[in-house]
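> Please find one structure pasted underneath; my questions will follow.
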Amino acid sequence: MTARFTLSIDAMGGNAAPKMVVDGVALAAQKHSGVDFLLFGDEDKIAPLVRENSGLADRVRIRHTLEVVVDTDKPSTALRTRRNSSMRLSINAVAESEAAGVVSAGNTGALMVMAMFVLKTLNGIDRPAIAGVFPTARGQSVMLDLGANVESDADNLVQFAVMGEVFARRVLGVQSPSVGLLNVGVEELKGHDDVKRAAAILQGSGLPIRFHGFVEGDDIAAGTVDVVVTDGFTGNIVLKSIEGTAKMFVRFLKDALGGSLTAQMGALLARPALHRFRDRIDPRRYNGAMLLGLNGVCVKSHGGTDAFGFANAINVACKLIADRLNEGIKEDLAGLGGHSLPMGEASVGS
């Protein structure tokens, strides 16, 4: 049984913060009775929202600050000038062992830079990557990077592959995860130099990874591999494209089923199946991506999510803490023995 722990929350991050955040905390608190919450932000705005949600009074503490990281802040600027922001202070709480993990729906680039500066990276990891879980035809797959590093060289991609493999094995429960590099084709000669070099390293380094080879965009939904590895620029575009397509498909389906009396009757009969379909592709259910490679649990929520989506991001953080994922990554990295991970450089997104 997992011991009681505290989760640090950036209450001012996200398009509809702080109400979306507090309402999300309230939903998550119902599921996680052993978790307390430390909220950072404008107390005058947060406290009334906490009082509106019964049951939160004894589970929530508020740390007041008026400073906020906004979406237009460049990561380097936020790191220098937002030292007392709700985002920075919530990360500090993890570094100071006041909280077991942090969740924020704020500026992705700023969160990445601040978390890396405060929490530091694991030995053998040059830069963290944002990892997220996607529904597929075979079940679930993990993809990384989803936007932390706009540019990733071959060495970074290899490090992402190692971390993604550990995530799939320890969190998704896949016994021997397959790993693929996202490319413009599956042929060995296709792709830019970094992705081809990464493939060569994964094939010839002796790392204990079941490397599938290159995969294409349609392989993501098909679930061809358990781990899809790409740079943050491509990964973020894929993420937003998948979310947009899912929303469009649901909207088209609603329009089609509401177009005539016959269609409406058919929709009524098919309602249970339609609800299962909606739930399976709802992006909010998969909200919450972890910054893998840090000395601490840090989960990024989509900035445009609602309370239900933010609660799921909290669920992700709680599971990662309970499953001791970071400890597992450290063990697996140490267990590589003579296999040394390459070290490279990457550019953080703004």
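Ligands are numbered from 1 in the order shown, residues from 1 within each chain, and chains are lettered A, B, ... in the order they appear in the structure tokens.
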Set out as a tab-separated table a contact list for segment 206-262 of chain A and segment 91-111 of chain A with a cut-off of 12 Å, giving each residue of segment 206-262 of chain A that qualifies its closest atom pair and distance in Å to one decimal, counting only C-alpha atoms, ordered by chain and rising residue number.

```
residue	atom	partner	partner_atom	distance
A:Gly232	CA	A:Gly109	CA	10.9
A:Phe233	CA	A:Gly109	CA	12.0
A:Asn236	CA	A:Thr108	CA	10.8
```
> Dump N, CA and C atoms for the selected residues as a compact mmCIF listing (two decimals), in the first residue's frame?

```
# COMPACT_ATOMS: atom_id res chain seq x y z
N GLY A 232 10.74 16.52 -30.49
CA GLY A 232 9.62 17.25 -29.91
C GLY A 232 8.83 18.06 -30.90
N PHE A 233 9.47 18.55 -31.95
CA PHE A 233 8.77 19.33 -32.98
C PHE A 233 7.73 18.45 -33.67
N ASN A 236 4.94 17.02 -31.14
CA ASN A 236 3.88 17.95 -30.75
C ASN A 236 2.87 18.15 -31.87
```
> Neighbours of Gly235 of chain A within 12 Å (only C-alpha atoms; same-chain residues fewer than 3 positions away dropped), as a short mmCIF file (atom, residue, chain, number, x, y, z; two decimals) with N, CA and C atoms, in the first residue's frame?

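File written: out-v5.cif
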```cif
data_model
loop_
_atom_site.label_atom_id
_atom_site.label_comp_id
_atom_site.auth_asym_id
_atom_site.auth_seq_id
_atom_site.Cartn_x
_atom_site.Cartn_y
_atom_site.Cartn_z
N ALA A 129 12.36 14.28 -21.84
CA ALA A 129 11.40 14.26 -22.95
C ALA A 129 9.99 14.12 -22.38
N ILE A 130 9.04 14.72 -23.06
CA ILE A 130 7.64 14.58 -22.65
C ILE A 130 7.07 13.31 -23.27
N ALA A 131 6.57 12.43 -22.44
CA ALA A 131 6.01 11.16 -22.88
C ALA A 131 4.52 11.13 -22.61
N GLY A 132 3.75 10.66 -23.58
CA GLY A 132 2.30 10.55 -23.41
C GLY A 132 1.80 9.21 -23.92
N VAL A 142 3.07 4.38 -26.03
CA VAL A 142 3.64 5.60 -25.49
C VAL A 142 4.47 6.27 -26.58
N MET A 143 4.38 7.61 -26.67
CA MET A 143 5.17 8.34 -27.65
C MET A 143 5.93 9.46 -26.96
N LEU A 144 7.16 9.69 -27.39
CA LEU A 144 8.00 10.75 -26.88
C LEU A 144 9.03 11.09 -27.96
N ASP A 145 9.34 12.34 -28.06
CA ASP A 145 9.06 13.51 -27.25
C ASP A 145 7.82 14.21 -27.84
N LEU A 146 6.99 14.80 -26.96
CA LEU A 146 5.78 15.47 -27.41
C LEU A 146 5.90 16.99 -27.37
N GLY A 147 7.11 17.51 -27.28
CA GLY A 147 7.25 18.96 -27.38
C GLY A 147 8.27 19.59 -26.48
N ALA A 148 9.00 18.81 -25.70
CA ALA A 148 9.98 19.42 -24.81
C ALA A 148 11.21 19.91 -25.56
N ASN A 149 11.61 19.18 -26.59
CA ASN A 149 12.83 19.51 -27.34
C ASN A 149 12.48 19.69 -28.81
N VAL A 150 12.54 20.92 -29.29
CA VAL A 150 12.20 21.18 -30.68
C VAL A 150 13.16 20.46 -31.61
N GLU A 151 14.43 20.44 -31.27
CA GLU A 151 15.42 19.72 -32.06
C GLU A 151 16.03 18.61 -31.20
N SER A 152 16.14 17.44 -31.78
CA SER A 152 16.73 16.31 -31.06
C SER A 152 17.69 15.59 -32.00
N LEU A 181 11.26 4.15 -34.42
CA LEU A 181 11.60 5.54 -34.69
C LEU A 181 10.66 6.08 -35.76
N LEU A 182 9.97 7.17 -35.48
CA LEU A 182 9.04 7.76 -36.43
C LEU A 182 9.82 8.38 -37.59
N ASN A 183 9.42 8.02 -38.81
CA ASN A 183 10.17 8.45 -39.98
C ASN A 183 9.20 8.64 -41.15
N GLY A 217 3.59 7.48 -39.80
CA GLY A 217 2.52 8.10 -39.04
C GLY A 217 1.32 7.19 -38.81
N ILE A 220 1.17 4.72 -35.75
CA ILE A 220 0.87 5.17 -34.38
C ILE A 220 -0.50 4.64 -33.96
N VAL A 228 6.83 4.84 -29.54
CA VAL A 228 7.14 5.62 -30.74
C VAL A 228 8.07 6.76 -30.32
N VAL A 229 9.24 6.83 -30.95
CA VAL A 229 10.25 7.83 -30.60
C VAL A 229 10.39 8.84 -31.73
N THR A 230 10.37 10.13 -31.36
CA THR A 230 10.55 11.19 -32.33
C THR A 230 11.05 12.44 -31.64
N ASP A 231 11.38 13.47 -32.41
CA ASP A 231 11.78 14.75 -31.82
C ASP A 231 10.54 15.51 -31.36
N GLY A 232 10.74 16.52 -30.49
CA GLY A 232 9.62 17.25 -29.91
C GLY A 232 8.83 18.06 -30.90
N VAL A 238 2.14 15.89 -34.15
CA VAL A 238 1.36 14.65 -34.18
C VAL A 238 0.30 14.66 -33.09
N LEU A 239 0.70 15.08 -31.88
CA LEU A 239 -0.23 15.12 -30.75
C LEU A 239 -1.43 16.01 -31.06
N LYS A 240 -1.17 17.24 -31.52
CA LYS A 240 -2.27 18.17 -31.81
C LYS A 240 -3.12 17.67 -32.98
N SER A 241 -2.49 17.03 -33.95
CA SER A 241 -3.24 16.50 -35.09
C SER A 241 -4.18 15.38 -34.67
N ILE A 242 -3.70 14.50 -33.80
CA ILE A 242 -4.53 13.41 -33.31
C ILE A 242 -5.72 13.96 -32.51
#
```
> Near Arg169 of chain A, counting only C-alpha atoms, which residues have an atom at most 12 Å away, once you skip same-chain residues fewer than 6 positions from it, shown as a ChimeraX atom specification?
/A:140-142,162-163,175-179,209-210,226-227,323,325,328-329,332
> Using only C-alpha atoms, determine which residues lie at most 6 Å from Val195 of chain A, disregarding the query and same-chain residues fewer than 3 positions distant; provide the list as a list in words.
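Counting only the stated atoms, we get Ala154, His192 and Ala198 of chain A.
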> What does the file look like for those residues with N, CA and C atoms, as a PDB file, in the first residue's frame?

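Result written to selection-v5.pdb:
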```
ATOM      1  N   ALA A 154      20.640  12.469 -32.820  1.00  0.00           N
ATOM      2  CA  ALA A 154      20.569  11.010 -32.737  1.00  0.00           C
ATOM      3  C   ALA A 154      20.766  10.506 -31.316  1.00  0.00           C
ATOM      4  N   HIS A 192      16.170  11.861 -42.272  1.00  0.00           N
ATOM      5  CA  HIS A 192      17.344  12.712 -42.139  1.00  0.00           C
ATOM      6  C   HIS A 192      18.449  11.973 -41.372  1.00  0.00           C
ATOM      7  N   ALA A 198      20.408   7.360 -35.274  1.00  0.00           N
ATOM      8  CA  ALA A 198      19.790   6.794 -34.072  1.00  0.00           C
ATOM      9  C   ALA A 198      19.417   5.333 -34.305  1.00  0.00           C
TER      10      ALA A 198
END
```
> In Å, how far is it from atom CA of Gly191 of chain A to atom CA of Val133 of chain A?
24.6 Å
> Could you go through segment 3-187 of chain A and tell me which residues DSSP, when run on the backbone, assigns to strand (DSSP E or B), listing them as a ChimeraX atom specification?
/A:5-10,35-41,60-64,67,85,101-104,121,129-136,139-144,149-152,178-182
> With only C-alpha atoms as the atoms that count, which of A:Val60, A:Leu292, A:Leu79, A:Val299 lies nearest to Leu39 of chain A?
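Under the stated criterion, the closest residue is A:Val60.
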> Interatomic distance between atom CA of Lys247 of chain A and atom CA of Phe308 of chain A?
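Taking atom CA of Lys247 of chain A as the start and atom CA of Phe308 of chain A as the end point, the length is 16.1 Å.
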